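What follows is the content of input_17.txt (compact mmCIF, C-alpha atoms).
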# COMPACT_ATOMS: atom_id res chain seq x y z
CA MET A 1 -80.01 -82.37 -39.40
CA ARG A 2 -77.25 -84.96 -39.57
CA ASN A 3 -75.42 -83.32 -36.68
CA THR A 4 -78.63 -83.42 -34.63
CA TYR A 5 -78.93 -87.18 -35.19
CA LEU A 6 -75.29 -87.65 -34.20
CA VAL A 7 -75.82 -85.65 -31.01
CA TRP A 8 -78.86 -87.71 -30.05
CA ALA A 9 -77.05 -90.94 -30.92
CA GLY A 10 -74.19 -89.88 -28.69
CA LYS A 11 -76.55 -89.10 -25.83
CA VAL A 12 -78.29 -92.47 -26.18
CA TRP A 13 -74.96 -94.27 -26.28
CA LEU A 14 -73.76 -92.41 -23.18
CA GLY A 15 -77.03 -93.24 -21.42
CA LEU A 16 -76.63 -96.94 -22.22
CA ILE A 17 -73.08 -96.92 -20.89
CA LEU A 18 -74.17 -95.24 -17.66
CA PHE A 19 -77.07 -97.68 -17.33
CA PHE A 20 -74.73 -100.62 -17.83
CA LEU A 21 -72.37 -99.27 -15.16
CA TYR A 22 -74.84 -98.16 -12.51
CA ALA A 23 -77.86 -100.50 -12.89
CA PRO A 24 -76.22 -103.41 -11.03
CA ILE A 25 -75.09 -101.08 -8.24
CA ILE A 26 -78.57 -99.58 -7.87
CA VAL A 27 -80.18 -103.03 -7.79
CA MET A 28 -77.71 -104.20 -5.14
CA ALA A 29 -78.34 -101.11 -2.99
CA VAL A 30 -82.12 -101.46 -3.30
CA MET A 31 -82.02 -105.15 -2.42
CA SER A 32 -80.08 -104.37 0.74
CA PHE A 33 -83.36 -102.88 2.01
CA ASN A 34 -85.47 -105.86 0.93
CA ALA A 35 -86.79 -107.97 3.79
CA SER A 36 -86.42 -111.17 1.79
CA GLN A 37 -83.11 -112.99 1.96
CA TYR A 38 -83.70 -114.39 -1.53
CA TYR A 39 -84.70 -111.10 -3.18
CA GLN A 40 -88.32 -112.11 -3.53
CA LEU A 41 -90.79 -109.66 -4.99
CA PRO A 42 -92.87 -107.66 -4.27
CA PHE A 43 -90.29 -105.52 -2.52
CA GLU A 44 -90.79 -105.14 1.23
CA PHE A 45 -88.73 -102.38 2.85
CA SER A 46 -86.72 -103.45 5.88
CA LEU A 47 -83.50 -102.55 7.73
CA ARG A 48 -82.98 -106.08 9.03
CA TRP A 49 -79.80 -106.63 7.02
CA TYR A 50 -78.21 -103.47 8.38
CA GLU A 51 -79.17 -104.59 11.88
CA LYS A 52 -77.56 -107.97 11.22
CA LEU A 53 -74.52 -106.21 9.79
CA VAL A 54 -74.03 -104.26 13.03
CA GLN A 55 -74.15 -107.57 14.91
CA ASN A 56 -71.79 -109.37 12.52
CA SER A 57 -68.39 -109.01 14.15
CA GLU A 58 -66.63 -110.92 11.37
CA ILE A 59 -67.60 -108.42 8.68
CA LEU A 60 -66.96 -105.42 10.93
CA ASN A 61 -63.51 -106.71 11.89
CA ALA A 62 -62.63 -107.33 8.25
CA ALA A 63 -63.85 -103.85 7.27
CA THR A 64 -61.87 -102.25 10.10
CA ARG A 65 -58.75 -104.16 9.12
CA SER A 66 -59.15 -103.10 5.49
CA VAL A 67 -59.54 -99.45 6.46
CA LEU A 68 -56.52 -99.50 8.80
CA ILE A 69 -54.31 -101.22 6.22
CA ALA A 70 -55.51 -98.80 3.52
CA LEU A 71 -54.78 -95.79 5.73
CA ALA A 72 -51.31 -97.09 6.61
CA THR A 73 -50.66 -97.85 2.94
CA THR A 74 -51.80 -94.36 1.97
CA VAL A 75 -49.50 -92.64 4.45
CA ILE A 76 -46.43 -94.75 3.62
CA ALA A 77 -46.94 -94.78 -0.15
CA THR A 78 -47.68 -91.04 -0.29
CA ILE A 79 -44.57 -90.10 1.70
CA LEU A 80 -42.25 -92.44 -0.20
CA GLY A 81 -43.86 -91.68 -3.56
CA THR A 82 -43.67 -87.91 -3.11
CA ALA A 83 -40.03 -88.11 -2.02
CA ALA A 84 -39.19 -90.32 -5.01
CA SER A 85 -41.00 -87.96 -7.39
CA LEU A 86 -39.05 -84.97 -6.07
CA ALA A 87 -35.78 -86.88 -6.46
CA LEU A 88 -36.62 -87.85 -10.04
CA PHE A 89 -37.62 -84.25 -10.78
CA ARG A 90 -34.62 -82.50 -9.25
CA PHE A 91 -31.67 -84.79 -9.95
CA GLU A 92 -30.07 -86.41 -12.96
CA PHE A 93 -28.32 -89.72 -12.32
CA ARG A 94 -27.42 -92.90 -14.13
CA GLY A 95 -30.36 -95.24 -14.52
CA LYS A 96 -33.00 -92.54 -14.00
CA ARG A 97 -34.86 -93.30 -17.23
CA PHE A 98 -34.75 -97.00 -16.47
CA LEU A 99 -36.29 -96.41 -13.03
CA GLN A 100 -39.04 -94.26 -14.55
CA VAL A 101 -39.86 -96.98 -17.09
CA MET A 102 -39.90 -99.65 -14.37
CA LEU A 103 -42.72 -97.80 -12.59
CA PHE A 104 -45.23 -99.06 -15.14
CA PRO A 105 -44.79 -102.88 -15.08
CA PRO A 106 -46.24 -103.18 -11.53
CA ILE A 107 -49.33 -101.35 -12.81
CA ALA A 108 -49.60 -103.43 -15.99
CA ILE A 109 -48.68 -106.90 -14.68
CA PRO A 110 -51.76 -108.91 -13.62
CA TRP A 111 -52.18 -108.89 -9.85
CA LEU A 112 -52.50 -112.69 -9.85
CA ILE A 113 -48.89 -112.99 -10.97
CA THR A 114 -47.82 -110.24 -8.57
CA GLY A 115 -49.58 -111.91 -5.64
CA THR A 116 -48.00 -115.28 -6.40
CA ALA A 117 -44.55 -113.72 -6.70
CA MET A 118 -44.99 -111.84 -3.40
CA LEU A 119 -46.12 -114.99 -1.61
CA ILE A 120 -43.04 -116.90 -2.81
CA PHE A 121 -40.76 -113.97 -1.95
CA PHE A 122 -42.09 -113.43 1.56
CA TYR A 123 -41.81 -117.12 2.37
CA GLY A 124 -38.30 -117.09 0.89
CA VAL A 125 -37.16 -114.29 3.20
CA GLY A 126 -38.88 -115.85 6.21
CA LEU A 127 -41.65 -113.29 6.62
CA GLY A 128 -44.49 -115.54 5.52
CA ARG A 129 -48.14 -114.51 5.54
CA GLY A 130 -49.69 -111.92 7.85
CA THR A 131 -50.47 -108.25 8.26
CA PRO A 132 -46.85 -107.03 7.72
CA SER A 133 -46.72 -108.91 4.41
CA VAL A 134 -50.11 -107.55 3.35
CA LEU A 135 -49.06 -103.99 4.20
CA ILE A 136 -45.77 -104.28 2.32
CA GLY A 137 -47.56 -105.78 -0.67
CA HIS A 138 -50.15 -103.01 -0.74
CA VAL A 139 -47.48 -100.31 -0.47
CA ALA A 140 -45.55 -101.90 -3.34
CA LEU A 141 -48.67 -101.84 -5.52
CA ALA A 142 -49.75 -98.32 -4.56
CA LEU A 143 -46.31 -96.67 -4.77
CA PRO A 144 -46.11 -96.51 -8.60
CA TYR A 145 -49.51 -94.79 -8.76
CA VAL A 146 -48.38 -92.09 -6.35
CA ILE A 147 -45.10 -91.52 -8.17
CA VAL A 148 -46.77 -91.30 -11.58
CA VAL A 149 -49.47 -88.87 -10.40
CA VAL A 150 -47.12 -86.61 -8.41
CA SER A 151 -44.54 -86.65 -11.22
CA ALA A 152 -47.23 -85.58 -13.68
CA ARG A 153 -47.99 -82.61 -11.44
CA LEU A 154 -44.28 -81.78 -11.11
CA ALA A 155 -44.03 -81.72 -14.91
CA THR A 156 -46.00 -78.44 -14.83
CA PHE A 157 -43.76 -76.92 -12.14
CA ASP A 158 -41.28 -74.19 -13.10
CA PRO A 159 -37.84 -75.01 -11.56
CA THR A 160 -36.89 -71.32 -11.64
CA LEU A 161 -39.27 -70.77 -8.72
CA GLU A 162 -37.03 -72.95 -6.54
CA GLU A 163 -33.95 -71.17 -7.83
CA ALA A 164 -35.49 -67.80 -6.98
CA ALA A 165 -36.28 -68.99 -3.45
CA ARG A 166 -32.71 -70.25 -2.96
CA SER A 167 -31.29 -66.97 -4.25
CA MET A 168 -33.23 -65.23 -1.47
CA GLY A 169 -31.58 -67.39 1.20
CA ALA A 170 -34.08 -70.23 1.62
CA ASP A 171 -32.62 -73.63 2.44
CA SER A 172 -33.68 -76.85 0.70
CA TRP A 173 -36.32 -77.76 3.30
CA THR A 174 -37.86 -74.29 3.19
CA VAL A 175 -37.94 -74.34 -0.62
CA THR A 176 -39.68 -77.72 -0.59
CA ARG A 177 -42.15 -76.74 2.13
CA ARG A 178 -43.00 -73.21 1.02
CA VAL A 179 -42.63 -73.37 -2.78
CA THR A 180 -42.77 -76.89 -4.19
CA MET A 181 -45.26 -78.62 -1.88
CA PRO A 182 -48.07 -76.06 -2.31
CA TRP A 183 -47.78 -76.40 -6.07
CA ILE A 184 -47.95 -80.20 -6.10
CA ALA A 185 -50.48 -80.51 -3.23
CA SER A 186 -53.29 -81.49 -5.59
CA GLY A 187 -51.10 -84.20 -7.11
CA ILE A 188 -50.20 -85.52 -3.66
CA ILE A 189 -53.87 -85.67 -2.67
CA ALA A 190 -54.76 -87.45 -5.91
CA GLY A 191 -51.92 -89.92 -5.39
CA ALA A 192 -53.06 -90.56 -1.83
CA LEU A 193 -56.60 -91.26 -3.03
CA PHE A 194 -55.25 -93.69 -5.60
CA ALA A 195 -53.17 -95.42 -2.93
CA PHE A 196 -56.17 -95.76 -0.62
CA ALA A 197 -58.38 -97.10 -3.41
CA VAL A 198 -55.76 -99.61 -4.59
CA SER A 199 -55.24 -100.90 -1.04
CA PHE A 200 -58.86 -100.99 0.11
CA ASP A 201 -60.05 -102.69 -3.08
CA GLN A 202 -57.11 -105.10 -3.32
CA PHE A 203 -58.23 -108.72 -3.34
CA VAL A 204 -55.56 -110.87 -4.98
CA VAL A 205 -52.55 -109.81 -2.92
CA SER A 206 -54.63 -109.77 0.27
CA TYR A 207 -55.95 -113.25 -0.53
CA PHE A 208 -52.46 -114.66 -1.00
CA LEU A 209 -50.81 -112.90 1.95
CA SER A 210 -53.52 -112.83 4.64
CA GLU A 211 -53.49 -115.41 7.39
CA PRO A 212 -56.55 -117.69 7.71
CA GLY A 213 -59.23 -116.06 9.85
CA ASP A 214 -57.64 -112.62 9.51
CA SER A 215 -59.01 -111.47 6.16
CA THR A 216 -59.59 -108.07 4.62
CA LEU A 217 -63.08 -107.10 3.49
CA PRO A 218 -62.66 -108.04 -0.22
CA VAL A 219 -61.37 -111.49 0.79
CA LEU A 220 -64.22 -111.94 3.26
CA ILE A 221 -66.81 -110.98 0.63
CA TYR A 222 -65.31 -113.49 -1.78
CA THR A 223 -65.35 -116.32 0.75
CA SER A 224 -68.87 -115.36 1.84
CA ILE A 225 -70.13 -115.60 -1.73
CA ARG A 226 -68.58 -119.05 -2.06
CA LYS A 227 -70.24 -120.27 1.14
CA GLY A 228 -73.61 -118.67 0.53
CA PHE A 229 -74.45 -115.07 -0.29
CA THR A 230 -76.38 -113.04 2.30
CA PRO A 231 -77.81 -109.51 1.92
CA GLU A 232 -75.46 -108.35 4.70
CA ILE A 233 -72.84 -108.14 1.95
CA ASN A 234 -75.24 -105.88 0.05
CA ALA A 235 -75.55 -103.70 3.15
CA ILE A 236 -71.80 -103.22 3.71
CA SER A 237 -71.29 -102.69 -0.05
CA THR A 238 -74.01 -100.02 -0.11
CA ILE A 239 -72.39 -98.22 2.83
CA ILE A 240 -69.02 -98.25 1.05
CA ILE A 241 -70.58 -96.90 -2.16
CA VAL A 242 -72.36 -94.07 -0.29
CA ILE A 243 -69.16 -93.06 1.50
CA SER A 244 -67.15 -93.21 -1.74
CA MET A 245 -69.68 -91.09 -3.62
CA ALA A 246 -69.78 -88.58 -0.77
CA VAL A 247 -66.00 -88.24 -0.87
CA MET A 248 -66.03 -87.78 -4.64
CA LEU A 249 -68.80 -85.17 -4.49
CA PHE A 250 -66.93 -83.33 -1.75
CA ALA A 251 -63.75 -83.36 -3.83
CA ALA A 252 -65.64 -82.19 -6.92
CA ARG A 253 -67.25 -79.37 -4.95
CA PHE A 254 -64.15 -77.99 -3.27
CA SER A 255 -61.37 -78.92 -5.71
CA ASN A 256 -60.26 -77.32 -8.92
CA PHE A 257 -59.65 -80.01 -11.53
CA GLY A 258 -57.65 -77.93 -13.90
CA GLY A 259 -60.39 -75.39 -14.51
CA GLU A 260 -62.91 -73.16 -12.83
CA ARG A 261 -64.64 -74.36 -9.67
Show me this structure written as structure tokens.
Amino acid sequence: MRNTYLVWAGKVWLGLILFFLYAPIIVMAVMSFNASQYYQLPFEFSLRWYEKLVQNSEILNAATRSVLIALATTVIATILGTAASLALFRFEFRGKRFLQVMLFPPIAIPWLITGTAMLIFFYGVGLGRGTPSVLIGHVALALPYVIVVVSARLATFDPTLEEAARSMGADSWTVTRRVTMPWIASGIIAGALFAFAVSFDQFVVSYFLSEPGDSTLPVLIYTSIRKGFTPEINAISTIIIVISMAVMLFAARFSNFGGER
């Protein structure tokens, strides 16, 4: 009987946590279809805010810029992070442990401090604010995530497989392409998803390094809220949530997360 109470208590607690997490998102999505700008009730279904969103070039330009920067960050961080993970896995050299430890401070340090430091650094080297600075900053933030995730996948890799391939005449590139990469493909994909999420959702660094009038979507949403919130922000946020959930459901359906599909 006691175990039954504990099970039900656990279910109720889990339900409260899920409600706390998803209730605000559901309310925001529902209100994006409300005709009233001030969320007046009773609810009146309307697509007017999505129509205004399509006509709002400022939001669309910011969203496009965020997506392009996130894609570029994903490609660069994934390539550099995978190469660094392979180097850390295959070679022993002085300072290796120190480099591995130094991967975690960029993840743990508050982004406010990181953004301030990047702004000072880029002005110090003469680069200043702008898209190149934003891209470099995003890559610097996303790179540790890729290295950590890919390295975790490499930790399960048997090095004797590479040795067996070399003993059969395969060169280093062939070994990497035909033996190592297929094994760590899931880790690379996970690292790339982390890199995209870190870049697309990044506000602080983008806020410090973006030029005025050339903002990313998180920066634009922040400034819009300060000036006066409109349900167009609800509309673009709802679209982003739907796309994100679709990607996650697709990944859950066709990926094997360490177990049966």
Selection: 9 Å around stretch 121-129 of chain A, all atoms listed in the file, excl. self and same-chain fewer than 2 positions, as a short mmCIF file (atom, residue, chain, number, x, y, z; two decimals) with C-alpha atoms, keeping the file's coordinate frame:
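File result-v1.cif, as written:
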data_model
loop_
_atom_site.label_atom_id
_atom_site.label_comp_id
_atom_site.auth_asym_id
_atom_site.auth_seq_id
_atom_site.Cartn_x
_atom_site.Cartn_y
_atom_site.Cartn_z
CA THR A 116 -48.00 -115.28 -6.40
CA ALA A 117 -44.55 -113.72 -6.70
CA MET A 118 -44.99 -111.84 -3.40
CA LEU A 119 -46.12 -114.99 -1.61
CA THR A 131 -50.47 -108.25 8.26
CA PRO A 132 -46.85 -107.03 7.72
CA SER A 133 -46.72 -108.91 4.41
CA VAL A 134 -50.11 -107.55 3.35
CA PHE A 208 -52.46 -114.66 -1.00
CA LEU A 209 -50.81 -112.90 1.95
CA SER A 210 -53.52 -112.83 4.64
CA GLU A 211 -53.49 -115.41 7.39
#
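Atom to atom, atom CA of A:Trp183 and atom CA of A:Leu86 stand 12.2 Å apart.
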*Nearby residues, (-82.3, -104.6, 7.9) file frame, 10 Å, all atoms listed in the file, as a PyMOL selection string*: chain A and resi 32-36+45-54+231-232+235
Coordinates of box centre and edge lengths for stretch 93-112 of chain A, 5 Å on every side, axis-aligned, as AutoDock Vina command-line options:
--center_x -40.0 --center_y -101.2 --center_z -13.5 --size_x 35.1 --size_y 33.0 --size_z 17.4
*Name the residues, using the chain letters and numbers of the file, that sit within 9 Å of (-53.8, -108.7, 0.8) when counting only C-alpha atoms, and give them as a PyMOL selection string.*
chain A and resi 115+130-131+133-135+137-138+199+202-210+215-216+218-219
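Closest approach to A:Ile107 among A:Ala164, A:Leu18, A:Ala83, A:Leu141 is made by A:Leu141 (distances from all atoms listed in the file).
Counting all atoms listed in the file and comparing A:Leu80, A:Leu71, A:Ala9, A:Ile147, the residue that lies closest to A:Phe104 is A:Ile147.
Take the candidates A:Val179, A:Leu217, A:Ile239, A:Ile225 and check each one against A:Glu58 using all atoms listed in the file; the shortest distance goes to A:Leu217.
What separates atom CA of A:Ala246 from atom CA of A:Ser66 is a distance of 19.1 Å.
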*Determine, counting all atoms listed in the file, which protein, DNA and RNA residues have an atom within 10 Å of an atom of A:Phe157; residues of the same chain fewer than 3 positions away are not included. Present the result as an MDAnalysis selection string.*
chainID A and resid 89 151:154 160:162 180 183:184
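Shortest separation to A:Ala108 among A:Ile59, A:Ala185, A:Pro144, A:Pro42 occurs at residue A:Pro144, atoms counted being all atoms listed in the file.
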Excluding A:Thr78 and any residue of its chain fewer than 3 positions from it, enumerate the residues within 8 Å of it, using all atoms listed in the file, and give them as a PDB file with C-alpha atoms, in the coordinates of the input.
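File result-v6.pdb, as written:
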ATOM      1  CA  THR A  74     -51.800 -94.360   1.970  1.00  0.00           C
ATOM      2  CA  VAL A  75     -49.500 -92.640   4.450  1.00  0.00           C
ATOM      3  CA  GLY A  81     -43.860 -91.680  -3.560  1.00  0.00           C
ATOM      4  CA  THR A  82     -43.670 -87.910  -3.110  1.00  0.00           C
ATOM      5  CA  LEU A 143     -46.310 -96.670  -4.770  1.00  0.00           C
ATOM      6  CA  VAL A 146     -48.380 -92.090  -6.350  1.00  0.00           C
ATOM      7  CA  ILE A 188     -50.200 -85.520  -3.660  1.00  0.00           C
ATOM      8  CA  GLY A 191     -51.920 -89.920  -5.390  1.00  0.00           C
ATOM      9  CA  ALA A 192     -53.060 -90.560  -1.830  1.00  0.00           C
ATOM     10  CA  ALA A 195     -53.170 -95.420  -2.930  1.00  0.00           C
TER      11      ALA A 195
END
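Compared by their closest atoms to A:Trp111, and using all atoms listed in the file, the residues A:Ile25, A:Ala165, A:Ala72, A:Val198 rank with A:Val198 nearest.
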*Suppose you want the space between atom CA of A:Phe200 and atom CA of A:Met181; what is it in Å?*
26.3 Å
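Distances to A:Val67 were evaluated for A:Asp214, A:Phe194, A:Asp201, A:Val247 using only C-alpha atoms, and the minimum falls at A:Asp201.
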